[in-house]
>>> print(open('work.cif').read())   # mmCIF, C-alpha atoms and all ligand atoms
data_model
#
loop_
_atom_site.group_PDB
_atom_site.id
_atom_site.type_symbol
_atom_site.label_atom_id
_atom_site.label_comp_id
_atom_site.auth_asym_id
_atom_site.auth_seq_id
_atom_site.Cartn_x
_atom_site.Cartn_y
_atom_site.Cartn_z
ATOM 1 C CA MET A 114 0.000 0.000 0.000
ATOM 2 C CA GLN A 115 2.961 2.261 0.650
ATOM 3 C CA ASP A 116 3.802 2.238 -3.077
ATOM 4 C CA GLN A 117 0.182 2.963 -4.000
ATOM 5 C CA THR A 118 0.066 6.052 -1.805
ATOM 6 C CA THR A 119 3.467 7.216 -3.043
ATOM 7 C CA VAL A 120 2.573 7.165 -6.751
ATOM 8 C CA GLY A 121 -0.451 9.418 -6.173
ATOM 9 C CA THR A 122 1.584 11.788 -4.037
ATOM 10 C CA LEU A 123 4.307 11.970 -6.695
ATOM 11 C CA LEU A 124 1.790 12.687 -9.476
ATOM 12 C CA GLY A 125 0.457 15.575 -7.394
ATOM 13 C CA ALA A 126 3.964 16.854 -6.685
ATOM 14 C CA MET A 127 4.984 16.679 -10.347
ATOM 15 C CA ARG A 128 1.881 18.580 -11.493
ATOM 16 C CA ALA A 129 2.085 21.169 -8.709
ATOM 17 C CA ASN A 130 5.375 22.376 -10.154
ATOM 18 C CA PRO A 131 5.507 21.206 -13.807
ATOM 19 C CA PRO A 132 9.137 20.333 -14.478
ATOM 20 C CA LEU A 133 10.983 21.482 -17.586
ATOM 21 C CA VAL A 134 12.288 18.288 -19.183
ATOM 22 C CA GLN A 135 14.755 18.326 -22.055
ATOM 23 C CA CYS A 136 13.708 15.425 -24.271
ATOM 24 C CA ILE A 137 16.206 14.299 -26.874
ATOM 25 C CA THR A 138 14.034 11.741 -28.574
ATOM 26 C CA ASN A 139 13.578 10.439 -32.113
ATOM 27 C CA PHE A 140 11.746 11.891 -35.116
ATOM 28 C CA VAL A 141 8.959 9.309 -34.741
ATOM 29 C CA ALA A 142 8.339 10.099 -31.062
ATOM 30 C CA MET A 143 8.745 13.864 -30.876
ATOM 31 C CA ASN A 144 5.109 14.856 -31.310
ATOM 32 C CA ILE A 145 3.409 12.075 -29.356
ATOM 33 C CA ALA A 146 5.973 12.321 -26.540
ATOM 34 C CA ALA A 147 5.432 16.090 -26.186
ATOM 35 C CA ASN A 148 1.653 15.555 -26.112
ATOM 36 C CA VAL A 149 1.967 12.770 -23.522
ATOM 37 C CA MET A 150 4.084 15.061 -21.338
ATOM 38 C CA LEU A 151 1.609 17.945 -21.585
ATOM 39 C CA ALA A 152 -1.366 15.666 -20.894
ATOM 40 C CA ALA A 153 0.365 14.249 -17.814
ATOM 41 C CA GLY A 154 1.216 17.733 -16.543
ATOM 42 C CA ALA A 155 4.907 18.175 -17.392
ATOM 43 C CA SER A 156 6.672 20.778 -19.534
ATOM 44 C CA PRO A 157 8.659 19.165 -22.390
ATOM 45 C CA ALA A 158 11.246 20.777 -24.676
ATOM 46 C CA MET A 159 12.592 18.787 -27.623
ATOM 47 C CA VAL A 160 16.109 20.274 -27.800
ATOM 48 C CA HIS A 161 18.834 18.170 -29.385
ATOM 49 C CA ALA A 162 21.277 20.332 -31.420
ATOM 50 C CA GLU A 163 24.943 19.914 -30.557
ATOM 51 C CA GLU A 164 25.291 23.717 -30.394
ATOM 52 C CA GLU A 165 22.880 24.090 -27.456
ATOM 53 C CA ALA A 166 22.013 20.691 -25.937
ATOM 54 C CA GLY A 167 24.600 20.946 -23.136
ATOM 55 C CA GLU A 168 23.596 24.481 -22.210
ATOM 56 C CA PHE A 169 19.914 23.538 -22.154
ATOM 57 C CA ALA A 170 20.501 20.515 -19.894
ATOM 58 C CA ALA A 171 21.886 22.800 -17.213
ATOM 59 C CA ILE A 172 18.619 24.793 -17.042
ATOM 60 C CA SER A 173 16.297 21.755 -17.233
ATOM 61 C CA GLY A 174 14.908 19.783 -14.310
ATOM 62 C CA ALA A 175 15.855 16.546 -16.063
ATOM 63 C CA LEU A 176 17.116 15.206 -19.388
ATOM 64 C CA THR A 177 15.981 12.210 -21.427
ATOM 65 C CA VAL A 178 18.062 10.683 -24.239
ATOM 66 C CA ASN A 179 16.632 8.269 -26.827
ATOM 67 C CA ILE A 180 18.737 6.924 -29.714
ATOM 68 C CA GLY A 181 15.816 5.868 -31.948
ATOM 69 C CA THR A 182 16.791 7.898 -35.031
ATOM 70 C CA LEU A 183 20.465 8.442 -34.373
ATOM 71 C CA SER A 184 23.003 10.429 -36.398
ATOM 72 C CA ALA A 185 26.503 11.691 -35.611
ATOM 73 C CA GLY A 186 25.328 15.246 -34.921
ATOM 74 C CA TRP A 187 22.546 14.086 -32.637
ATOM 75 C CA LEU A 188 24.935 11.817 -30.737
ATOM 76 C CA ALA A 189 27.258 14.772 -30.091
ATOM 77 C CA GLY A 190 24.273 16.696 -28.688
ATOM 78 C CA MET A 191 23.271 13.721 -26.519
ATOM 79 C CA LEU A 192 26.762 13.315 -25.067
ATOM 80 C CA ALA A 193 27.073 17.051 -24.344
ATOM 81 C CA ALA A 194 23.663 17.109 -22.669
ATOM 82 C CA ALA A 195 24.348 13.984 -20.607
ATOM 83 C CA GLN A 196 27.676 15.348 -19.423
ATOM 84 C CA SER A 197 26.107 18.684 -18.533
ATOM 85 C CA ALA A 198 23.210 17.053 -16.648
ATOM 86 C CA THR A 199 25.579 14.848 -14.657
ATOM 87 C CA GLN A 200 27.814 17.828 -13.822
ATOM 88 C CA ALA A 201 24.807 19.897 -12.714
ATOM 89 C CA GLY A 202 23.480 17.026 -10.589
ATOM 90 C CA LYS A 203 20.323 16.736 -12.724
ATOM 91 C CA PRO A 204 18.785 13.291 -13.262
ATOM 92 C CA TRP A 205 18.885 11.887 -16.772
ATOM 93 C CA VAL A 206 17.222 8.913 -18.424
ATOM 94 C CA LEU A 207 18.641 6.737 -21.206
ATOM 95 C CA ASP A 208 16.378 4.900 -23.693
ATOM 96 C CA PRO A 209 18.713 2.642 -25.714
ATOM 97 C CA VAL A 210 16.391 2.024 -28.678
ATOM 98 C CA ALA A 211 17.545 -0.952 -30.801
ATOM 99 C CA HIS A 212 21.116 -0.448 -29.557
ATOM 100 C CA TYR A 213 21.928 -4.048 -30.538
ATOM 101 C CA ALA A 214 21.058 -3.494 -34.208
ATOM 102 C CA THR A 215 24.196 -1.799 -35.583
ATOM 103 C CA ALA A 216 27.790 -1.060 -34.562
ATOM 104 C CA PHE A 217 27.029 2.695 -34.559
ATOM 105 C CA ARG A 218 24.198 2.236 -32.057
ATOM 106 C CA ARG A 219 26.150 -0.232 -29.882
ATOM 107 C CA LYS A 220 29.012 2.254 -29.563
ATOM 108 C CA ALA A 221 26.642 5.159 -28.891
ATOM 109 C CA ALA A 222 24.860 3.240 -26.125
ATOM 110 C CA ALA A 223 28.214 2.362 -24.526
ATOM 111 C CA GLN A 224 29.379 6.000 -24.671
ATOM 112 C CA LEU A 225 26.114 7.208 -23.145
ATOM 113 C CA LEU A 226 26.274 4.594 -20.366
ATOM 114 C CA GLU A 227 29.722 5.962 -19.481
ATOM 115 C CA GLN A 228 28.006 9.287 -18.723
ATOM 116 C CA GLN A 229 26.212 7.617 -15.797
ATOM 117 C CA PRO A 230 22.484 7.752 -16.519
ATOM 118 C CA THR A 231 20.283 7.987 -13.436
ATOM 119 C CA ILE A 232 17.693 5.678 -15.016
ATOM 120 C CA VAL A 233 17.717 3.332 -18.029
ATOM 121 C CA ARG A 234 14.295 2.522 -19.580
ATOM 122 C CA GLY A 235 13.934 -0.010 -22.350
ATOM 123 C CA ASN A 236 11.941 -2.973 -23.586
ATOM 124 C CA ALA A 237 12.999 -6.495 -22.616
ATOM 125 C CA SER A 238 15.126 -7.169 -25.711
ATOM 126 C CA GLU A 239 17.034 -3.901 -25.211
ATOM 127 C CA ILE A 240 17.731 -4.538 -21.512
ATOM 128 C CA ILE A 241 18.854 -8.143 -22.075
ATOM 129 C CA ALA A 242 21.289 -7.050 -24.801
ATOM 130 C CA LEU A 243 22.560 -4.076 -22.777
ATOM 131 C CA ALA A 244 23.569 -6.459 -19.976
ATOM 132 C CA GLY A 245 25.478 -8.565 -22.544
ATOM 133 C CA GLY A 246 22.886 -11.295 -23.107
ATOM 134 C CA ALA A 247 21.406 -12.708 -26.320
ATOM 135 C CA SER A 248 18.174 -10.910 -27.138
ATOM 136 C CA HIS A 249 15.671 -11.584 -29.903
ATOM 137 C CA GLY A 250 14.744 -7.978 -30.618
ATOM 138 C CA GLN A 251 13.748 -7.046 -34.169
ATOM 139 C CA GLY A 252 14.679 -3.461 -34.946
ATOM 140 C CA VAL A 253 12.942 -1.275 -32.349
ATOM 141 C CA ASP A 254 10.491 -4.029 -31.312
ATOM 142 C CA SER A 255 10.947 -6.393 -28.396
ATOM 143 C CA ARG A 256 10.701 -10.135 -29.005
ATOM 144 C CA ASP A 257 11.439 -11.180 -25.423
ATOM 145 C CA PRO A 258 9.198 -11.372 -22.330
ATOM 146 C CA VAL A 259 9.938 -8.983 -19.443
ATOM 147 C CA GLU A 260 10.483 -11.919 -17.036
ATOM 148 C CA LEU A 261 13.526 -12.985 -19.073
ATOM 149 C CA ALA A 262 15.060 -9.500 -18.637
ATOM 150 C CA GLU A 263 14.744 -9.289 -14.846
ATOM 151 C CA VAL A 264 18.176 -10.722 -14.040
ATOM 152 C CA ALA A 265 19.765 -8.546 -16.728
ATOM 153 C CA ALA A 266 18.027 -5.480 -15.287
ATOM 154 C CA ARG A 267 19.373 -6.160 -11.793
ATOM 155 C CA GLN A 268 22.879 -6.709 -13.208
ATOM 156 C CA LEU A 269 22.768 -3.457 -15.168
ATOM 157 C CA ALA A 270 21.488 -1.526 -12.146
ATOM 158 C CA GLU A 271 24.315 -2.854 -9.949
ATOM 159 C CA ARG A 272 26.983 -2.380 -12.623
ATOM 160 C CA HIS A 273 26.087 1.222 -13.454
ATOM 161 C CA GLY A 274 24.581 2.371 -10.144
ATOM 162 C CA CYS A 275 21.300 3.318 -11.806
ATOM 163 C CA VAL A 276 17.611 2.421 -11.794
ATOM 164 C CA VAL A 277 16.564 0.113 -14.641
ATOM 165 C CA ALA A 278 12.997 -0.145 -15.974
ATOM 166 C CA VAL A 279 11.918 -2.934 -18.332
ATOM 167 C CA THR A 280 8.513 -2.475 -19.949
ATOM 168 C CA GLY A 281 6.116 -4.926 -21.572
ATOM 169 C CA VAL A 282 3.034 -6.832 -20.432
ATOM 170 C CA THR A 283 4.071 -6.431 -16.772
ATOM 171 C CA ASP A 284 6.759 -3.821 -16.151
ATOM 172 C CA PHE A 285 9.779 -4.362 -13.896
ATOM 173 C CA VAL A 286 11.797 -1.702 -12.051
ATOM 174 C CA THR A 287 14.964 -2.297 -10.035
ATOM 175 C CA ASP A 288 17.877 -0.458 -8.471
ATOM 176 C CA GLY A 289 19.660 -3.766 -7.784
ATOM 177 C CA PRO A 290 18.537 -4.720 -4.272
ATOM 178 C CA ARG A 291 14.943 -3.468 -4.621
ATOM 179 C CA ALA A 292 12.473 -4.362 -7.378
ATOM 180 C CA ARG A 293 8.809 -3.815 -8.245
ATOM 181 C CA ARG A 294 6.429 -5.208 -10.848
ATOM 182 C CA ILE A 295 3.713 -2.957 -12.251
ATOM 183 C CA GLU A 296 0.655 -4.523 -13.873
ATOM 184 C CA GLY A 297 -1.761 -2.798 -16.229
ATOM 185 C CA GLY A 298 -1.603 -1.134 -19.620
ATOM 186 C CA SER A 299 -3.142 -2.539 -22.783
ATOM 187 C CA SER A 300 -2.203 -4.918 -25.584
ATOM 188 C CA LEU A 301 -2.897 -1.946 -27.911
ATOM 189 C CA MET A 302 0.107 -0.036 -26.504
ATOM 190 C CA PRO A 303 2.773 -1.797 -28.612
ATOM 191 C CA GLN A 304 0.553 -1.171 -31.667
ATOM 192 C CA VAL A 305 0.937 2.583 -31.278
ATOM 193 C CA THR A 306 4.448 3.725 -32.118
ATOM 194 C CA ALA A 307 6.689 5.533 -29.648
ATOM 195 C CA LEU A 308 4.685 5.047 -26.465
ATOM 196 C CA GLY A 309 7.799 3.581 -24.844
ATOM 197 C CA CYS A 310 9.764 6.644 -25.982
ATOM 198 C CA SER A 311 7.028 8.855 -24.511
ATOM 199 C CA LEU A 312 7.179 6.919 -21.247
ATOM 200 C CA THR A 313 10.926 7.555 -21.074
ATOM 201 C CA CYS A 314 10.182 11.302 -21.215
ATOM 202 C CA LEU A 315 7.589 10.964 -18.451
ATOM 203 C CA VAL A 316 10.098 9.076 -16.287
ATOM 204 C CA GLY A 317 12.277 12.182 -16.700
ATOM 205 C CA ALA A 318 9.416 14.393 -15.488
ATOM 206 C CA PHE A 319 8.973 12.376 -12.296
ATOM 207 C CA ALA A 320 12.737 12.224 -11.749
ATOM 208 C CA ALA A 321 12.834 16.030 -11.990
ATOM 209 C CA ALA A 322 10.064 16.263 -9.386
ATOM 210 C CA VAL A 323 11.946 14.026 -6.894
ATOM 211 C CA PRO A 324 15.596 14.096 -8.014
ATOM 212 C CA ASP A 325 16.775 12.307 -4.868
ATOM 213 C CA ASN A 326 14.430 9.355 -5.449
ATOM 214 C CA PRO A 327 14.743 7.971 -8.995
ATOM 215 C CA PHE A 328 13.392 4.553 -7.960
ATOM 216 C CA ASP A 329 10.017 5.870 -6.743
ATOM 217 C CA ALA A 330 9.952 8.357 -9.645
ATOM 218 C CA THR A 331 10.285 5.529 -12.171
ATOM 219 C CA VAL A 332 7.627 3.393 -10.485
ATOM 220 C CA ALA A 333 5.259 6.395 -10.495
ATOM 221 C CA ALA A 334 5.712 7.138 -14.216
ATOM 222 C CA LEU A 335 5.167 3.468 -15.120
ATOM 223 C CA ALA A 336 2.077 3.316 -12.870
ATOM 224 C CA VAL A 337 0.611 6.378 -14.625
ATOM 225 C CA PHE A 338 1.039 4.640 -18.011
ATOM 226 C CA ALA A 339 -0.354 1.359 -16.629
ATOM 227 C CA VAL A 340 -3.543 2.936 -15.255
ATOM 228 C CA ALA A 341 -4.165 5.385 -18.125
ATOM 229 C CA GLY A 342 -3.343 2.641 -20.651
ATOM 230 C CA GLU A 343 -5.783 0.234 -19.034
ATOM 231 C CA GLN A 344 -8.564 2.851 -19.031
ATOM 232 C CA ALA A 345 -7.944 3.838 -22.664
ATOM 233 C CA GLY A 346 -7.670 0.215 -23.755
ATOM 234 C CA ALA A 347 -11.012 -0.715 -22.166
ATOM 235 C CA ALA A 348 -12.855 1.827 -24.353
ATOM 236 C CA ALA A 349 -10.774 1.760 -27.559
ATOM 237 C CA ASP A 350 -11.792 0.115 -30.849
ATOM 238 C CA GLY A 351 -8.190 -0.180 -32.069
ATOM 239 C CA PRO A 352 -4.830 1.629 -32.117
ATOM 240 C CA GLY A 353 -6.281 4.830 -33.597
ATOM 241 C CA SER A 354 -8.893 5.470 -30.929
ATOM 242 C CA PHE A 355 -6.509 4.132 -28.269
ATOM 243 C CA SER A 356 -4.096 6.935 -29.129
ATOM 244 C CA TRP A 357 -6.445 9.827 -28.380
ATOM 245 C CA ARG A 358 -8.160 8.026 -25.528
ATOM 246 C CA PHE A 359 -4.779 7.497 -23.903
ATOM 247 C CA LEU A 360 -3.990 11.239 -24.001
ATOM 248 C CA ASP A 361 -7.414 11.995 -22.525
ATOM 249 C CA ALA A 362 -6.964 9.344 -19.820
ATOM 250 C CA LEU A 363 -3.559 10.789 -18.880
ATOM 251 C CA ALA A 364 -5.006 14.281 -18.555
ATOM 252 C CA ALA A 365 -8.025 13.073 -16.551
ATOM 253 C CA LEU A 366 -6.053 10.827 -14.181
ATOM 254 C CA ASP A 367 -6.013 12.272 -10.675
ATOM 255 C CA ALA A 368 -3.764 11.351 -7.770
ATOM 256 C CA ASP A 369 -6.458 9.466 -5.806
ATOM 257 C CA THR A 370 -7.507 7.370 -8.812
ATOM 258 C CA LEU A 371 -3.875 6.556 -9.545
ATOM 259 C CA SER A 372 -3.306 5.430 -5.948
ATOM 260 C CA ALA A 373 -6.505 3.364 -5.980
ATOM 261 C CA LYS A 374 -5.946 1.678 -9.353
ATOM 262 C CA ALA A 375 -2.157 1.186 -9.512
ATOM 263 C CA ARG A 376 -1.093 -2.453 -9.151
ATOM 264 C CA ILE A 377 2.464 -2.478 -7.794
ATOM 265 C CA MET A 378 4.062 -5.606 -6.362
ATOM 266 C CA THR A 379 7.358 -6.056 -4.556
ATOM 267 C CA ALA A 380 9.554 -8.449 -6.568
HETATM 268 N N1 LIG B 1 1.174 -6.335 -24.108
HETATM 269 C C1 LIG B 1 1.103 -5.267 -23.291
HETATM 270 N N2 LIG B 1 0.142 -5.183 -22.349
HETATM 271 C C2 LIG B 1 0.054 -4.126 -21.533
HETATM 272 N N3 LIG B 1 0.906 -3.060 -21.584
HETATM 273 C C3 LIG B 1 1.891 -3.086 -22.489
HETATM 274 C C4 LIG B 1 2.065 -4.186 -23.382
HETATM 275 N N4 LIG B 1 3.158 -3.940 -24.149
HETATM 276 C C5 LIG B 1 3.627 -2.747 -23.771
HETATM 277 N N5 LIG B 1 2.881 -2.219 -22.769
HETATM 278 C C6 LIG B 1 3.073 -0.911 -22.136
HETATM 279 O O1 LIG B 1 3.382 0.002 -23.167
HETATM 280 C C7 LIG B 1 4.268 1.011 -22.707
HETATM 281 C C8 LIG B 1 5.494 1.092 -23.637
HETATM 282 O O2 LIG B 1 6.278 -0.042 -23.405
HETATM 283 P P1 LIG B 1 6.994 -0.878 -24.563
HETATM 284 O O3 LIG B 1 7.699 -2.000 -23.866
HETATM 285 O O4 LIG B 1 6.023 -1.215 -25.630
HETATM 286 O O5 LIG B 1 8.048 0.183 -25.057
HETATM 287 P P2 LIG B 1 8.989 0.196 -26.346
HETATM 288 O O6 LIG B 1 9.109 -1.170 -26.932
HETATM 289 O O7 LIG B 1 10.235 0.902 -25.998
HETATM 290 O O8 LIG B 1 8.096 1.114 -27.302
HETATM 291 P P3 LIG B 1 8.543 2.104 -28.492
HETATM 292 O O9 LIG B 1 9.925 1.696 -28.911
HETATM 293 O O10 LIG B 1 7.500 1.886 -29.558
HETATM 294 O O11 LIG B 1 8.499 3.477 -27.961
HETATM 295 C C9 LIG B 1 4.595 0.647 -21.260
HETATM 296 O O12 LIG B 1 3.761 1.401 -20.405
HETATM 297 C C10 LIG B 1 4.232 -0.843 -21.172
HETATM 298 O O13 LIG B 1 3.839 -1.228 -19.868
HETATM 299 C C1 LIG B 2 9.596 3.117 -35.349
HETATM 300 C C2 LIG B 2 10.841 3.749 -34.849
HETATM 301 N N1 LIG B 2 11.966 3.756 -35.604
HETATM 302 C C3 LIG B 2 12.995 4.363 -35.024
HETATM 303 S S1 LIG B 2 12.624 4.967 -33.491
HETATM 304 C C4 LIG B 2 11.006 4.421 -33.621
HETATM 305 C C5 LIG B 2 9.992 4.663 -32.566
HETATM 306 C C6 LIG B 2 9.794 3.507 -31.671
HETATM 307 O O1 LIG B 2 10.918 3.164 -30.933
HETATM 308 MG MG MG B 3 11.598 1.675 -27.314
#
>>> encode(input="work.cif", output="structure tokens")
Amino acid sequence: MQDQTTVGTLLGAMRANPPLVQCITNFVAMNIAANVMLAAGASPAMVHAEEEAGEFAAISGALTVNIGTLSAGWLAGMLAAAQSATQAGKPWVLDPVAHYATAFRRKAAAQLLEQQPTIVRGNASEIIALAGGASHGQGVDSRDPVELAEVAARQLAERHGCVVAVTGVTDFVTDGPRARRIEGGSSLMPQVTALGCSLTCLVGAFAAAVPDNPFDATVAALAVFAVAGEQAGAAADGPGSFSWRFLDALAALDADTLSAKARIMTA
């Protein structure tokens, strides 16, 4: 019950003082991620250029970095922003999209991990591969169950001193010693592109609200998606109506409903 109460409290705290979050995300995700952030009550800014990304990270409450549509210039911006966030003591979140797919992405993910992310959020295939295991991911899509990524997630968290979130049917969050499972969401969520990328941005918003508690921040962001996703999924006819219903559900979700409906288990 402690976790249930906490997620509602954190949603209220995040909305009471909407955090500026610098989201370096991919071309596919930019619009939906910004709308998800606004619906949930955060203040997103999609700022990625090498010339300004580091400077912007220093004035943001948190940074999120997603390598979904990577190029050399973007990577330079990501590294500058990550370095700046770490130096300024701001939390930052890494989303290693399809990092196993090419040598360019593998190297980029390794360089970004060296910059000490506060939180890593990925699907099961991404987390398994990031810990050095054999994943079955296909491009940006996971082909592994979350349960198979739980050991990898704990290893990554211990190795890099960060929180790791694995998403899928039932989400898993760990900082090494502690872990939680979060149930909910909808089978329509993987049929709408970039919802994972949008979730990474929302994790950044909660981390900005409670920078000294990235574990609870991550659980709260995932619980928001789980409850809003379940509500939208119950009424949707397919991926199209799920998309707008999900934004409406995020905006309508209040702290008490989140606390009442979140299903969080100690793992
Ligand atoms: N089958 C499912 N049932 C319920 N919820 C799901 C399911 N699959 C994914 N989700 C939810 O969808 C959200 C995005 O997670 P997902 O693992 O699909 O991210 P992702 O693969 O990184 O997505 P993308 O790369 O398209 O942004 C999370 O809130 C997760 O809990
Ligand atoms: C479809 C797609 N391609 C690169 S990033 C992205 C969004 C989901 O990760
Ligand atoms: Mg993804």
>>> closest_atom_pairs(input="work.cif", of="chain A", to="ligand MG 3 (chain B)", cutoff="8 Å", atoms="all atoms listed in the file", output="JSON lines")
{"residue": "A:Gly181", "atom": "CA", "partner": "B:MG3", "partner_atom": "MG", "distance": 7.5}
{"residue": "A:Asp208", "atom": "CA", "partner": "B:MG3", "partner_atom": "MG", "distance": 6.8}
{"residue": "A:Pro209", "atom": "CA", "partner": "B:MG3", "partner_atom": "MG", "distance": 7.4}
{"residue": "A:Val210", "atom": "CA", "partner": "B:MG3", "partner_atom": "MG", "distance": 5.0}
{"residue": "A:Ala211", "atom": "CA", "partner": "B:MG3", "partner_atom": "MG", "distance": 7.4}
{"residue": "A:Gly235", "atom": "CA", "partner": "B:MG3", "partner_atom": "MG", "distance": 5.7}
{"residue": "A:Asn236", "atom": "CA", "partner": "B:MG3", "partner_atom": "MG", "distance": 6.0}
{"residue": "A:Val253", "atom": "CA", "partner": "B:MG3", "partner_atom": "MG", "distance": 6.0}
{"residue": "A:Asp254", "atom": "CA", "partner": "B:MG3", "partner_atom": "MG", "distance": 7.1}
{"residue": "A:Ala307", "atom": "CA", "partner": "B:MG3", "partner_atom": "MG", "distance": 6.7}
{"residue": "A:Leu308", "atom": "CA", "partner": "B:MG3", "partner_atom": "MG", "distance": 7.7}
{"residue": "A:Gly309", "atom": "CA", "partner": "B:MG3", "partner_atom": "MG", "distance": 4.9}
{"residue": "A:Cys310", "atom": "CA", "partner": "B:MG3", "partner_atom": "MG", "distance": 5.5}
>>> resolve_selection(input="work.cif", expression="the PyMOL selection byres (((chain A and resi 176) around 6) and not hetatm)", output="list in words")
Val134, Gln135, Cys136, Ala175, Thr177 and Trp205 of chain A
>>> write_last_selection(input="work.cif", atoms="C-alpha atoms", output="short mmCIF file (atom, residue, chain, number, x, y, z; two decimals), in the frame of the given file")
data_model
loop_
_atom_site.label_atom_id
_atom_site.label_comp_id
_atom_site.auth_asym_id
_atom_site.auth_seq_id
_atom_site.Cartn_x
_atom_site.Cartn_y
_atom_site.Cartn_z
CA VAL A 134 12.29 18.29 -19.18
CA GLN A 135 14.76 18.33 -22.06
CA CYS A 136 13.71 15.42 -24.27
CA ALA A 175 15.86 16.55 -16.06
CA THR A 177 15.98 12.21 -21.43
CA TRP A 205 18.89 11.89 -16.77
#
>>> closest_residue(input="work.cif", among="A:Glu271, A:Glu168, A:Glu227, A:Asp284", to="ligand LIG 1 (chain B)", atoms="all atoms listed in the file")
A:Asp284
>>> residues_near_ligand(input="work.cif", ligand="ligand LIG 1 (chain B)", cutoff="8 Å", atoms="only C-alpha atoms and all ligand atoms", output="number ranges by chain")
A: 142, 181, 208, 210, 234-237, 253-255, 279-284, 295-312, 335-336, 338-339, 342-343
>>> residues_around(input="work.cif", residues="Val206 (chain A)", least_positions_apart="4", cutoff="8 Å", atoms="all atoms listed in the file", output="PyMOL selection string")
chain A and resi 176-178+230-234+313-314+316-317
>>> resolve_selection(input="work.cif", expression="the PyMOL selection byres (((chain A and resi 161) around 9) and not hetatm)", output="list in words")
Gln135, Cys136, Ile137, Thr138, Met159, Val160, Ala162, Glu163, Glu164, Glu165, Ala166, Gly167, Trp187, Leu188, Gly190, Met191 and Ala194 of chain A
>>> closest_residue(input="work.cif", among="A:Cys275, A:Val323, A:Ala221, A:Ile145", to="Gly174 (chain A)", atoms="only C-alpha atoms")
A:Val323
>>> closest_residue(input="work.cif", among="A:Pro204, A:Ala262, A:Gly186, A:Gly121", to="Asp325 (chain A)", atoms="all atoms listed in the file")
A:Pro204
>>> closest_residue(input="work.cif", among="A:Ser197, A:Ser156, A:Asn148, A:Gln251", to="ligand LIG 2 (chain B)", atoms="only C-alpha atoms and all ligand atoms")
A:Gln251
>>> atom_distance(input="work.cif", atom1="CA of Ala380 (chain A)", atom2="CA of Arg294 (chain A)")
6.2 Å
>>> resolve_selection(input="work.cif", expression="the PyMOL selection byres (((chain A and resi 274) around 12) and not hetatm)", output="PDB file with C-alpha atoms, keeping the file's coordinate frame")
ATOM      1  CA  LEU A 226      26.274   4.594 -20.366  1.00  0.00           C
ATOM      2  CA  GLU A 227      29.722   5.962 -19.481  1.00  0.00           C
ATOM      3  CA  GLN A 228      28.006   9.287 -18.723  1.00  0.00           C
ATOM      4  CA  GLN A 229      26.212   7.617 -15.797  1.00  0.00           C
ATOM      5  CA  PRO A 230      22.484   7.752 -16.519  1.00  0.00           C
ATOM      6  CA  THR A 231      20.283   7.987 -13.436  1.00  0.00           C
ATOM      7  CA  ILE A 232      17.693   5.678 -15.016  1.00  0.00           C
ATOM      8  CA  VAL A 233      17.717   3.332 -18.029  1.00  0.00           C
ATOM      9  CA  ALA A 266      18.027  -5.480 -15.287  1.00  0.00           C
ATOM     10  CA  ARG A 267      19.373  -6.160 -11.793  1.00  0.00           C
ATOM     11  CA  GLN A 268      22.879  -6.709 -13.208  1.00  0.00           C
ATOM     12  CA  LEU A 269      22.768  -3.457 -15.168  1.00  0.00           C
ATOM     13  CA  ALA A 270      21.488  -1.526 -12.146  1.00  0.00           C
ATOM     14  CA  GLU A 271      24.315  -2.854  -9.949  1.00  0.00           C
ATOM     15  CA  ARG A 272      26.983  -2.380 -12.623  1.00  0.00           C
ATOM     16  CA  HIS A 273      26.087   1.222 -13.454  1.00  0.00           C
ATOM     17  CA  CYS A 275      21.300   3.318 -11.806  1.00  0.00           C
ATOM     18  CA  VAL A 276      17.611   2.421 -11.794  1.00  0.00           C
ATOM     19  CA  VAL A 277      16.564   0.113 -14.641  1.00  0.00           C
ATOM     20  CA  THR A 287      14.964  -2.297 -10.035  1.00  0.00           C
ATOM     21  CA  ASP A 288      17.877  -0.458  -8.471  1.00  0.00           C
ATOM     22  CA  GLY A 289      19.660  -3.766  -7.784  1.00  0.00           C
ATOM     23  CA  PRO A 290      18.537  -4.720  -4.272  1.00  0.00           C
ATOM     24  CA  PRO A 327      14.743   7.971  -8.995  1.00  0.00           C
ATOM     25  CA  PHE A 328      13.392   4.553  -7.960  1.00  0.00           C
TER      26      PHE A 328
END
>>> closest_residue(input="work.cif", among="A:Asp116, A:Glu239, A:Asp350, A:Asp329", to="ligand LIG 2 (chain B)", atoms="only C-alpha atoms and all ligand atoms")
A:Glu239
>>> closest_residue(input="work.cif", among="A:Thr182, A:Asn130, A:Gln344, A:Thr370", to="ligand LIG 2 (chain B)", atoms="only C-alpha atoms and all ligand atoms")
A:Thr182
>>> atom_distance(input="work.cif", atom1="CA of Met150 (chain A)", atom2="CA of Gly252 (chain A)")
25.3 Å
>>> residues_around(input="work.cif", residues="Pro132 (chain A)", least_positions_apart="5", cutoff="7 Å", atoms="all atoms listed in the file", output="PyMOL selection string")
chain A and resi 127+155-156+174+318+321-322
>>> write_last_selection(input="work.cif", atoms="C-alpha atoms", output="PDB file, in the coordinates of the input")
ATOM      1  CA  MET A 127       4.984  16.679 -10.347  1.00  0.00           C
ATOM      2  CA  ALA A 155       4.907  18.175 -17.392  1.00  0.00           C
ATOM      3  CA  SER A 156       6.672  20.778 -19.534  1.00  0.00           C
ATOM      4  CA  GLY A 174      14.908  19.783 -14.310  1.00  0.00           C
ATOM      5  CA  ALA A 318       9.416  14.393 -15.488  1.00  0.00           C
ATOM      6  CA  ALA A 321      12.834  16.030 -11.990  1.00  0.00           C
ATOM      7  CA  ALA A 322      10.064  16.263  -9.386  1.00  0.00           C
TER       8      ALA A 322
END
>>> atom_distance(input="work.cif", atom1="CA of Thr215 (chain A)", atom2="CA of Ser248 (chain A)")
13.8 Å
>>> residues_around(input="work.cif", residues="Leu366 (chain A)", least_positions_apart="4", cutoff="9 Å", atoms="all atoms listed in the file", output="ChimeraX atom specification")
/A:153,337,340-341,361-362,370-371
